[in-house]
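Undergrad: Pasting start13.txt here (compact mmCIF, C-alpha atoms):
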```
# COMPACT_ATOMS: atom_id res chain seq x y z
CA MET E 1 120.16 112.62 118.66
CA LEU E 2 120.82 108.93 118.01
CA VAL E 3 122.99 108.23 114.98
CA GLY E 4 124.79 105.18 113.57
CA ARG E 5 128.51 104.72 113.03
CA LYS E 6 129.65 101.80 110.90
CA TYR E 7 133.21 100.40 110.79
CA ARG E 8 134.90 97.39 109.22
CA LEU E 9 136.10 94.74 111.65
CA THR E 10 139.26 92.65 111.40
CA PHE E 11 138.41 89.28 112.92
CA THR E 12 140.92 86.52 113.56
CA PRO E 13 139.91 83.15 112.06
CA GLU E 14 138.78 81.99 115.52
CA GLN E 15 136.73 85.12 116.10
CA ALA E 16 135.13 84.89 112.64
CA ALA E 17 134.12 81.28 113.28
CA ALA E 18 132.67 82.22 116.67
CA ALA E 19 130.73 85.14 115.16
CA GLU E 20 129.28 82.83 112.52
CA GLU E 21 128.18 80.43 115.24
CA TYR E 22 126.60 83.20 117.33
CA ALA E 23 124.69 84.45 114.30
CA SER E 24 123.49 80.94 113.47
CA VAL E 25 122.17 80.50 117.02
CA CYS E 26 120.34 83.84 116.76
CA ARG E 27 118.81 82.77 113.46
CA ALA E 28 117.60 79.51 115.00
CA VAL E 29 116.12 81.37 117.98
CA TRP E 30 114.31 83.74 115.60
CA ASN E 31 112.83 80.91 113.51
CA VAL E 32 111.81 78.80 116.51
CA GLY E 33 110.31 81.81 118.26
CA LEU E 34 108.38 82.79 115.13
CA GLU E 35 106.99 79.27 114.69
CA GLN E 36 105.94 79.24 118.36
CA ARG E 37 104.14 82.53 117.96
CA ARG E 38 102.34 81.29 114.85
CA GLU E 39 101.18 78.13 116.64
CA TYR E 40 99.79 80.25 119.46
CA ARG E 41 97.97 82.47 116.97
CA ARG E 42 96.46 79.45 115.21
CA ARG E 43 94.93 78.45 118.55
CA GLY E 44 93.68 81.97 119.15
CA ALA E 45 96.26 82.72 121.88
CA TRP E 46 99.21 85.07 122.18
CA ILE E 47 102.74 84.68 123.55
CA GLY E 48 104.97 87.64 124.31
CA TYR E 49 108.63 88.33 124.86
CA ALA E 50 108.65 87.70 128.62
CA GLN E 51 107.30 84.16 128.33
CA GLN E 52 109.56 83.28 125.42
CA ALA E 53 112.61 84.57 127.30
CA ARG E 54 111.75 82.40 130.31
CA GLU E 55 111.25 79.33 128.14
CA MET E 56 114.54 79.98 126.34
CA ALA E 57 116.37 80.14 129.68
CA GLU E 58 114.82 76.81 130.66
CA ALA E 59 115.67 75.26 127.28
CA LYS E 60 119.39 75.92 127.77
CA ALA E 61 119.54 72.97 130.17
CA ASP E 62 118.41 70.55 127.44
CA HIS E 63 120.07 72.25 124.44
CA PRO E 64 123.77 73.05 125.00
CA TRP E 65 124.06 74.89 121.67
CA LEU E 66 121.97 77.71 123.16
CA ARG E 67 124.69 78.32 125.74
CA VAL E 68 127.32 79.00 123.07
CA ALA E 69 126.16 82.54 122.30
CA PRO E 70 125.94 85.33 124.91
CA SER E 71 122.55 85.44 126.59
CA HIS E 72 121.84 89.11 125.93
CA ILE E 73 122.15 88.79 122.14
CA LEU E 74 119.61 85.94 122.20
CA GLN E 75 117.29 88.04 124.35
CA GLN E 76 117.72 90.92 121.91
CA THR E 77 116.74 88.59 119.06
CA LEU E 78 113.50 87.79 120.87
CA ARG E 79 112.90 91.51 121.46
CA ASP E 80 113.36 92.22 117.77
CA LEU E 81 110.97 89.38 116.94
CA ASP E 82 108.39 90.74 119.36
CA LYS E 83 108.63 94.21 117.81
CA ALA E 84 108.35 92.81 114.28
CA CYS E 85 105.28 90.73 115.15
CA ARG E 86 103.55 93.68 116.79
CA THR E 87 104.32 95.92 113.82
CA HIS E 88 103.68 93.59 110.85
CA GLY E 89 101.64 90.79 112.38
CA THR E 90 102.78 87.29 113.29
CA PHE E 91 102.16 85.89 109.81
CA GLY E 92 103.63 88.95 108.13
CA VAL E 93 107.14 88.37 109.53
CA ARG E 94 109.52 86.40 107.31
CA TRP E 95 111.70 83.45 108.19
CA LYS E 96 115.46 83.86 108.22
CA ALA E 97 116.45 81.35 105.57
CA LYS E 98 120.09 80.37 105.46
CA SER E 99 120.39 80.86 101.69
CA ARG E 100 119.30 84.53 101.68
CA TRP E 101 120.34 85.61 105.17
CA GLU E 102 123.34 87.67 106.20
CA PRO E 103 124.71 86.83 109.69
CA SER E 104 124.13 89.54 112.29
CA PHE E 105 123.58 89.95 116.04
CA ARG E 106 123.38 92.85 118.46
CA PHE E 107 124.93 93.66 121.83
CA PRO E 108 122.27 95.86 123.52
CA ASP E 109 124.09 96.71 126.78
CA PRO E 110 126.81 99.40 126.52
CA ARG E 111 128.32 98.23 129.81
CA HIS E 112 129.61 95.14 128.00
CA LEU E 113 131.32 97.25 125.30
CA SER E 114 134.61 99.09 125.47
CA VAL E 115 136.08 101.12 122.60
CA VAL E 116 139.75 102.20 122.60
CA ARG E 117 141.48 104.14 119.85
CA THR E 118 144.96 102.79 119.19
CA GLY E 119 146.12 104.89 116.22
CA ARG E 120 145.15 107.42 113.58
CA LYS E 121 143.20 104.84 111.57
CA ARG E 122 142.94 101.96 114.03
CA ALA E 123 140.86 101.20 117.10
CA ARG E 124 139.64 98.17 118.98
CA VAL E 125 136.46 97.16 120.75
CA HIS E 126 135.91 94.54 123.44
CA LEU E 127 132.94 92.28 122.67
CA PRO E 128 131.57 89.66 125.08
CA LYS E 129 133.02 86.17 124.44
CA LEU E 130 134.88 87.50 121.39
CA GLY E 131 137.48 89.58 123.19
CA TRP E 132 139.28 92.55 121.67
CA VAL E 133 138.55 93.09 117.98
CA ILE E 134 140.41 95.57 115.76
CA PHE E 135 138.45 97.82 113.43
CA ARG E 136 139.28 100.66 111.05
CA TRP E 137 138.75 104.10 112.60
CA SER E 138 137.25 105.84 109.56
CA ARG E 139 135.36 108.54 111.50
CA PRO E 140 134.92 109.68 115.13
CA LEU E 141 132.16 108.16 117.21
CA GLY E 142 130.82 111.52 118.30
CA GLY E 143 129.33 110.41 121.62
CA PRO E 144 128.76 107.55 124.05
CA VAL E 145 127.88 104.13 122.62
CA LYS E 146 124.38 102.79 123.31
CA SER E 147 124.56 99.45 121.47
CA ALA E 148 126.56 97.60 118.82
CA THR E 149 125.49 95.38 115.93
CA VAL E 150 127.90 92.95 114.29
CA SER E 151 127.04 91.87 110.74
CA ARG E 152 128.67 90.30 107.72
CA GLU E 153 128.37 91.61 104.16
CA GLY E 154 130.01 89.27 101.71
CA LYS E 155 133.41 88.31 103.11
CA HIS E 156 133.78 91.36 105.39
CA TRP E 157 132.51 91.84 108.93
CA TYR E 158 131.25 95.22 110.17
CA ILE E 159 130.22 96.73 113.46
CA SER E 160 127.58 99.46 113.75
CA PHE E 161 127.52 101.55 116.92
CA LEU E 162 124.39 103.37 118.01
CA VAL E 163 125.72 106.66 119.38
CA GLU E 164 124.09 109.46 121.34
CA THR E 165 125.61 112.67 119.97
CA GLY E 166 123.91 114.94 122.48
CA ALA E 167 122.72 117.30 119.74
CA LYS E 168 119.07 118.31 119.77
CA GLU E 169 116.73 117.87 116.84
CA THR E 170 117.08 120.81 114.49
CA THR E 171 114.00 123.00 114.38
CA VAL E 172 112.34 123.85 111.09
CA SER E 173 113.27 127.31 109.84
CA LEU E 174 110.71 129.20 107.80
CA LYS E 175 113.47 130.95 105.87
CA ARG E 176 113.66 128.04 103.47
CA GLY E 177 111.74 126.71 100.51
CA ARG E 178 109.79 123.55 99.79
CA VAL E 179 110.10 120.87 97.17
CA GLY E 180 108.10 117.96 95.78
CA VAL E 181 109.77 114.75 94.61
CA ASP E 182 108.49 112.29 92.02
CA ARG E 183 110.11 108.83 91.97
CA GLY E 184 110.15 106.91 88.72
CA VAL E 185 111.63 104.01 86.78
CA ALA E 186 113.34 105.94 83.98
CA THR E 187 114.65 108.56 86.45
CA LEU E 188 115.09 107.90 90.15
CA ALA E 189 113.93 111.31 91.34
CA ALA E 190 112.57 114.47 89.70
CA THR E 191 111.91 117.58 91.76
CA SER E 192 109.31 120.31 91.36
CA ASP E 193 112.03 122.86 90.55
CA GLY E 194 113.08 120.94 87.41
CA ARG E 195 116.04 118.89 88.68
CA PHE E 196 116.61 115.23 87.78
CA PHE E 197 118.69 112.67 89.69
CA ASP E 198 119.64 109.31 88.23
CA ARG E 199 122.59 107.04 87.51
CA ALA E 200 123.36 103.43 86.59
CA PHE E 201 124.53 101.24 89.46
CA LEU E 202 125.58 98.19 87.42
CA THR E 203 128.25 98.56 84.72
CA VAL E 204 128.06 96.77 81.38
CA GLY E 205 130.96 94.46 82.28
CA GLU E 206 129.44 93.57 85.65
CA ALA E 207 126.07 92.85 84.04
CA GLU E 208 127.67 90.44 81.56
CA ARG E 209 129.71 88.75 84.27
CA TYR E 210 126.66 88.42 86.49
CA ARG E 211 124.68 86.84 83.62
CA ARG E 212 127.41 84.26 83.08
CA LEU E 213 127.54 83.50 86.79
CA GLN E 214 123.78 82.94 86.77
CA GLN E 215 124.18 80.44 83.94
CA ARG E 216 126.99 78.69 85.80
CA HIS E 217 124.93 78.68 89.00
CA ALA E 218 122.03 76.98 87.19
CA ARG E 219 124.32 74.11 86.12
CA THR E 220 125.68 73.35 89.61
CA ARG E 221 124.29 70.87 92.11
CA LYS E 222 122.55 72.08 95.24
CA GLY E 223 124.86 72.04 98.23
CA SER E 224 128.05 71.72 96.17
CA LYS E 225 131.16 73.84 96.70
CA ARG E 226 131.03 75.12 93.13
CA ARG E 227 127.52 76.39 93.75
CA GLN E 228 128.62 78.15 96.95
CA ALA E 229 131.64 79.71 95.19
CA CYS E 230 129.45 80.92 92.34
CA ARG E 231 126.97 82.41 94.77
CA THR E 232 129.78 84.21 96.61
CA LYS E 233 130.95 85.87 93.40
CA MET E 234 127.40 86.91 92.56
CA ARG E 235 126.94 88.44 95.99
CA ALA E 236 130.20 90.36 95.61
CA ILE E 237 128.90 92.04 92.45
CA MET E 238 125.54 92.85 94.01
CA GLY E 239 127.32 94.15 97.11
CA ARG E 240 129.16 96.75 95.03
CA VAL E 241 125.88 97.70 93.36
CA ARG E 242 124.19 98.07 96.74
CA HIS E 243 126.96 100.31 98.07
CA ARG E 244 126.79 102.55 94.99
CA ARG E 245 123.02 102.82 95.34
CA GLN E 246 123.22 103.73 99.02
CA ASP E 247 125.91 106.33 98.37
CA PHE E 248 123.93 107.89 95.52
CA HIS E 249 120.77 107.98 97.62
CA ALA E 250 122.62 109.73 100.45
CA GLN E 251 124.14 112.34 98.13
CA THR E 252 120.84 112.94 96.34
CA ALA E 253 118.99 113.27 99.64
CA CYS E 254 121.40 116.04 100.68
CA GLN E 255 120.77 117.96 97.45
CA VAL E 256 116.99 117.55 97.76
CA VAL E 257 116.56 118.25 101.47
CA ASP E 258 119.17 120.95 102.15
CA GLY E 259 117.71 124.44 101.88
CA ASN E 260 114.08 123.29 102.16
CA ALA E 261 111.72 123.32 105.10
CA LEU E 262 109.26 120.89 103.49
CA VAL E 263 109.86 117.81 101.33
CA VAL E 264 106.81 116.06 99.87
CA LEU E 265 106.98 112.48 98.59
CA GLU E 266 104.41 110.13 97.12
CA ASP E 267 103.10 107.52 99.54
CA LEU E 268 104.21 104.42 97.61
CA ASN E 269 103.73 100.88 98.91
CA VAL E 270 106.86 99.44 97.29
CA ALA E 271 106.31 95.95 98.71
CA SER E 272 102.89 95.65 97.08
CA MET E 273 104.03 97.31 93.86
CA THR E 274 106.82 94.75 93.41
CA ALA E 275 104.68 91.69 94.21
CA ARG E 276 104.74 88.78 91.75
CA ALA E 277 102.06 88.45 89.09
CA LYS E 278 102.29 84.67 88.58
CA GLY E 279 99.10 83.89 90.43
CA THR E 280 98.03 80.27 90.92
CA ILE E 281 97.39 77.30 88.66
CA ALA E 282 93.64 77.89 88.85
CA HIS E 283 93.97 81.66 88.37
CA PRO E 284 97.19 82.39 86.49
CA GLY E 285 98.46 85.93 86.22
CA THR E 286 98.58 88.06 83.09
CA ARG E 287 101.61 89.80 81.55
CA VAL E 288 103.89 88.09 84.03
CA ARG E 289 107.14 88.85 82.20
CA GLN E 290 106.30 92.54 81.85
CA LYS E 291 105.47 92.73 85.55
CA ALA E 292 108.73 91.00 86.44
CA GLY E 293 110.68 93.55 84.41
CA LEU E 294 108.87 96.41 86.12
CA ASN E 295 109.61 94.90 89.53
CA ARG E 296 113.32 94.66 88.73
CA ALA E 297 113.39 98.28 87.54
CA ILE E 298 111.69 99.54 90.71
CA LEU E 299 113.98 97.54 92.98
CA ASP E 300 117.05 98.64 91.03
CA LYS E 301 116.20 102.32 91.62
CA GLY E 302 115.64 101.70 95.34
CA TRP E 303 112.55 103.83 95.99
CA HIS E 304 112.22 102.84 99.63
CA SER E 305 115.94 103.25 100.32
CA PHE E 306 115.82 106.75 98.82
CA GLU E 307 112.89 107.68 101.06
CA LEU E 308 114.82 106.46 104.10
CA ALA E 309 117.81 108.55 103.03
CA VAL E 310 115.60 111.63 102.68
CA ARG E 311 114.08 111.10 106.13
CA ASN E 312 117.50 110.53 107.67
CA ARG E 313 118.84 113.76 106.16
CA ALA E 314 115.74 115.63 107.30
CA ARG E 315 116.51 114.64 110.91
CA HIS E 316 119.74 116.66 110.73
CA THR E 317 118.40 119.69 108.84
CA GLY E 318 115.04 119.98 110.59
CA ALA E 319 113.01 119.66 107.39
CA GLU E 320 109.54 118.12 107.47
CA VAL E 321 108.87 115.13 105.22
CA ARG E 322 105.29 114.50 104.16
CA THR E 323 103.74 111.79 101.99
CA VAL E 324 100.63 112.25 99.85
CA HIS E 325 98.38 109.97 97.82
CA PRO E 326 100.00 109.42 94.41
CA ALA E 327 96.84 109.00 92.33
CA ASN E 328 96.78 111.03 89.08
CA THR E 329 99.82 113.14 89.96
CA SER E 330 101.33 112.58 86.50
CA VAL E 331 98.14 113.20 84.48
CA THR E 332 96.97 116.38 86.24
CA CYS E 333 97.81 119.71 84.64
CA PRO E 334 99.62 121.93 87.18
CA VAL E 335 98.30 125.09 85.46
CA CYS E 336 94.58 124.50 84.92
CA GLY E 337 94.06 121.38 87.05
CA TYR E 338 92.53 119.30 84.22
CA VAL E 339 92.85 115.54 84.87
CA HIS E 340 92.87 113.11 81.94
CA PRO E 341 95.06 110.11 80.97
CA ASP E 342 95.64 111.62 77.51
CA ASN E 343 97.55 114.50 79.10
CA ARG E 344 100.59 112.25 79.37
CA LYS E 345 101.62 111.45 75.81
CA SER E 346 104.63 109.32 76.75
CA GLN E 347 106.93 108.58 79.66
CA ALA E 348 108.53 112.04 79.53
CA LYS E 349 106.07 114.15 77.50
CA PHE E 350 103.15 115.96 79.12
CA VAL E 351 100.77 118.06 77.05
CA CYS E 352 97.53 119.25 78.63
CA THR E 353 94.59 118.57 76.31
CA ALA E 354 92.65 121.47 77.84
CA CYS E 355 95.07 124.40 78.00
CA GLY E 356 98.03 123.09 75.98
CA HIS E 357 100.58 123.35 78.80
CA ARG E 358 103.77 121.44 77.94
CA GLU E 359 106.32 120.15 80.43
CA HIS E 360 108.30 117.09 81.42
CA ALA E 361 105.91 114.50 82.88
CA ASP E 362 108.11 113.77 85.90
CA THR E 363 108.34 117.46 86.75
CA VAL E 364 104.57 117.70 86.49
CA GLY E 365 104.23 114.80 88.91
CA ALA E 366 106.61 116.47 91.36
CA LYS E 367 104.71 119.78 91.17
CA ASN E 368 101.37 118.08 91.82
CA THR E 369 102.92 116.14 94.69
CA LEU E 370 104.11 119.40 96.23
CA ALA E 371 100.71 121.02 95.68
CA ARG E 372 99.02 118.22 97.66
CA GLY E 373 101.51 118.31 100.51
CA HIS E 374 102.12 122.02 100.99
CA ALA E 375 98.62 122.84 102.28
CA GLY E 376 98.86 124.49 105.68
CA HIS E 377 102.63 125.03 105.38
CA ARG E 378 103.91 128.57 105.87
CA ALA E 379 106.26 129.14 102.96
CA TRP E 380 108.95 131.76 103.40
CA ARG E 381 108.70 134.90 101.31
CA PRO E 382 111.60 137.38 101.16
CA ARG E 383 110.60 140.92 102.01
CA ARG E 384 109.31 142.94 99.02
CA ARG E 385 109.30 139.82 96.84
CA PRO E 386 106.61 137.30 95.82
CA VAL E 387 106.56 133.76 97.15
CA ARG E 388 109.17 131.43 95.68
CA GLU E 389 107.11 128.40 94.67
CA ALA E 390 104.32 127.99 92.15
CA PRO E 391 103.12 124.43 92.79
CA THR E 392 99.65 124.56 91.27
CA SER E 393 99.73 127.35 88.69
CA ALA E 394 101.90 130.11 87.32
CA ASN E 395 100.66 132.35 90.17
CA PRO E 396 98.73 130.10 92.59
CA GLN E 397 98.33 132.60 95.40
CA GLY E 398 97.21 135.40 93.06
CA ILE E 399 99.92 137.74 94.30
CA SER E 400 101.80 139.95 91.90
CA THR E 401 105.15 141.57 92.51
CA ALA E 402 103.60 145.04 92.54
CA ALA E 403 100.97 144.01 95.07
CA VAL E 404 103.54 142.46 97.34
CA ARG E 405 105.72 145.58 97.14
CA SER E 406 102.82 147.85 97.93
CA ARG E 407 101.74 145.79 100.92
CA SER E 408 105.25 145.34 102.28
CA LEU E 409 105.86 149.11 102.02
CA ARG E 410 102.64 149.95 103.84
CA PRO E 411 103.32 152.57 106.57
CA ARG E 412 103.36 151.56 110.18
CA SER E 413 100.28 151.90 112.28
CA ALA E 414 99.88 154.46 115.00
CA GLY E 415 101.01 152.02 117.66
CA GLY E 416 104.35 151.57 115.93
CA SER E 417 103.82 147.91 115.08
CA PRO E 418 104.72 146.83 111.54
CA SER E 419 102.00 146.03 109.06
CA PRO E 420 101.13 142.35 108.62
CA SER E 421 103.11 140.52 105.96
CA ILE E 422 101.69 138.17 103.38
CA GLU E 423 102.10 134.48 104.25
CA THR E 424 100.81 131.35 102.55
```
Just dump the structure as structure tokens.

TA:
Amino acid sequence: MLVGRKYRLTFTPEQAAAAEEYASVCRAVWNVGLEQRREYRRRGAWIGYAQQAREMAEAKADHPWLRVAPSHILQQTLRDLDKACRTHGTFGVRWKAKSRWEPSFRFPDPRHLSVVRTGRKRARVHLPKLGWVIFRWSRPLGGPVKSATVSREGKHWYISFLVETGAKETTVSLKRGRVGVDRGVATLAATSDGRFFDRAFLTVGEAERYRRLQQRHARTRKGSKRRQACRTKMRAIMGRVRHRRQDFHAQTACQVVDGNALVVLEDLNVASMTARAKGTIAHPGTRVRQKAGLNRAILDKGWHSFELAVRNRARHTGAEVRTVHPANTSVTCPVCGYVHPDNRKSQAKFVCTACGHREHADTVGAKNTLARGHAGHRAWRPRRRPVREAPTSANPQGISTAAVRSRSLRPRSAGGSPSPSIET
């Protein structure tokens, strides 16, 4: 199994300057390569990685700045660009703007990397053209290194090793349950068994300080040192918020995934849901400020990051993660199946207008999500007991405890084989 291991680097001033320069060269190669691909597409042609790599090797004779960075990290940049263009389309890939870009580059060949542990909390790694770099040994690697990515977050540099642990993918055990998850704005995640997971990632003091920094940033000149210093302080606050969000997502994913063989999520297109509503001058958007507030709330919860955390945890536990269409999951009664917008009285209140069933609206959405995703899944049922889950009604399978007991206690057949058990 391939896993990531991230550590904080301790660069010397010379090494930090060199790493910044390498990352800048990689950013330029990405932008130039993307523009070249777009020009080819405008003419109805296509250019791939092999041709771009040959042209980059030829361009080093005329552009000495390309020879500053190691060749294999530039080739890896073109490989990443080729993969992004094939996945999202040439015009769907974004530029790497200097103002909103964090420096990073990858060493793809493990033969160029050497890791040595020098103490209980210290180790060092040899990187091409950078030499030996000290990093904090916060956890064991757990296997041989396949690649290494160097990146900067704020004022700190980090290295992420891709490690092969040698462990096989865990198989799904039927002796576990299943759960549906509903993601929302008021609460990050609500599960079909009635649990809620949410927290605030930005404190009141940090929010006030960030607002003042935004005001100060608006009064500075573009390109000035005061503007850069203000932006650095703003990124430091958002960096702490991002780390809290990632940590909370990882902890919540463990609580949701562990003990379940099936996890069902709504198939949400977060990128489209958080698109701007400004429109154009000829066709202006409506309720732009309300849409902007909704976008900020969705991005603050981190729906996509939470889904990635769930999938990453499922790789280690063997659980299956499914996504279903989210339409009408919060206005469908889980008892009688009646669908109507009036069923949801408010953000948290659900009252079925047909049968009168009352429940938290987010829990209803999670139950309906599970009901759509559990079809064809063999849920585990303890012997002499009914099935655990009731995703669509109070007794969706129509099995009572007495019936299950009578069937499970059925005498063996003449051939000595046990009687068939009830499975859903």

Undergrad: Which protein, DNA or RNA residues have an atom at most 12 Å from (114.0, 113.9, 91.2), counting only C-alpha atoms? List them as a ChimeraX atom specification.

TA: /E:179-199,249,252-253,255-257,263-266,301,303,306-307,310,360-367,369

Undergrad: Please provide the set of residues having any atom within 10 Å of Ser24 in chain E, restricted to all atoms listed in the file, with same-chain residues fewer than 5 positions apart removed, written as a ChimeraX atom specification.

TA: /E:18-19,29-30,69,98,102-105

Undergrad: Identify which of the residues E:Asn260, E:Gln246, E:Asn295, E:Thr323 lies closest to Ser272 in chain E, counting only C-alpha atoms when measuring atom-to-atom distances.

TA: E:Asn295

Undergrad: May I have the protein, DNA and RNA residues with any atom at most 9 Å from the point (122.8, 106.9, 118.0), counting all atoms listed in the file, written as a PyMOL selection string?

TA: chain E and resi 1-5+143-147+161-165

Undergrad: Compare E:Ala309, E:Arg100, E:Arg289, E:Gly279 by their minimum atom-to-atom distance to Gln251 in chain E, counting only C-alpha atoms, and give me the closest one.

TA: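 Checking each of E:Ala309, E:Arg100, E:Arg289, E:Gly279 against Gln251 in chain E, counting only C-alpha atoms, the winner is E:Ala309.
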
Undergrad: For Asn368 in chain E, please output as a list of chain:residue names all residues within 9 Å (counting all atoms listed in the file; exclusion window: fewer than 4 positions along the same chain).

TA: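 Within the cut-off, the hits are E:Gly180, E:Ser192, E:Asn328, E:Thr329, E:Ser330, E:Thr332, E:Cys333, E:Pro334, E:Thr363, E:Val364, E:Arg372, E:Gly373, E:Pro391, E:Thr392.
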
Undergrad: Expressed in Å to a single decimal, how great is the separation between CA of Val133 in chain E and CA of Ser71 in chain E?

TA: 19.7 Å

Undergrad: Which residue gives the smallest distance to Arg54 in chain E among E:Cys355, E:Leu78, E:Ala148, E:Val335, with all atoms listed in the file counted?

TA: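 Using all atoms listed in the file, Arg54 in chain E sits closest to E:Leu78.
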
Undergrad: Distance CA of His283 in chain E-CA of Trp95 in chain E, one decimal place?

TA: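 Going from CA of His283 in chain E over to CA of Trp95 in chain E covers 26.7 Å.
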
Undergrad: Excluding Lys349 in chain E and residues on its chain fewer than 2 positions from it, collect all residues at most 8 Å away from it, counting all atoms listed in the file, and give them as a PyMOL selection string.

TA: chain E and resi 344-347+351+358-361

Undergrad: If you measure from CA of Tyr210 in chain E to CA of Val241 in chain E, what distance in Å do you get, rounded to one decimal?

TA: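 Spanning CA of Tyr210 in chain E to CA of Val241 in chain E is a straight-line distance of 11.6 Å.
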
Undergrad: E:Gly337, E:Lys96, E:Leu308, E:Met56: which is nearest Thr353 in chain E, counting all atoms listed in the file?

TA: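 That would be E:Gly337, the residue with the smallest distance to Thr353 in chain E.
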
Undergrad: If we count only C-alpha atoms and set the cut-off at 12 Å, which residues sit around Gln36 in chain E, ignoring sequence neighbours fewer than 2 positions away in its own chain? Please answer as a list in words.

TA: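 Once the adjacent positions are removed, what remains is Val29, Trp30, Asn31, Val32, Gly33, Leu34, Arg38, Glu39, Tyr40, Arg41, Arg42, Arg43, Ala45, Trp46, Ile47, Gly48, Tyr49, Gln51, Gln52, Glu55, Met56, Leu78, Leu81, Asp82, Cys85, Thr90 and Phe91 of chain E.
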
Undergrad: Between E:Tyr158, E:Val68, E:Arg122, E:Arg152, which one has atoms that come closest to Tyr7 in chain E, using only C-alpha atoms?

TA: E:Tyr158

Undergrad: Quick one: residues within 6 Å of Asn343 in chain E, only C-alpha atoms counted, chain neighbours fewer than 2 positions away excluded, as a list in words?

TA: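 In the requested format, the answer is Val331, His340, Pro341, Phe350, Val351, Cys352 and Thr353 of chain E.
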
Undergrad: Which residue, E:Gly259, E:Gly356, E:Gly302, E:Gly318, has the smallest gap to Gly177 in chain E when you use all atoms listed in the file?

TA: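 Of all the options, E:Gly259 lies closest to Gly177 in chain E.
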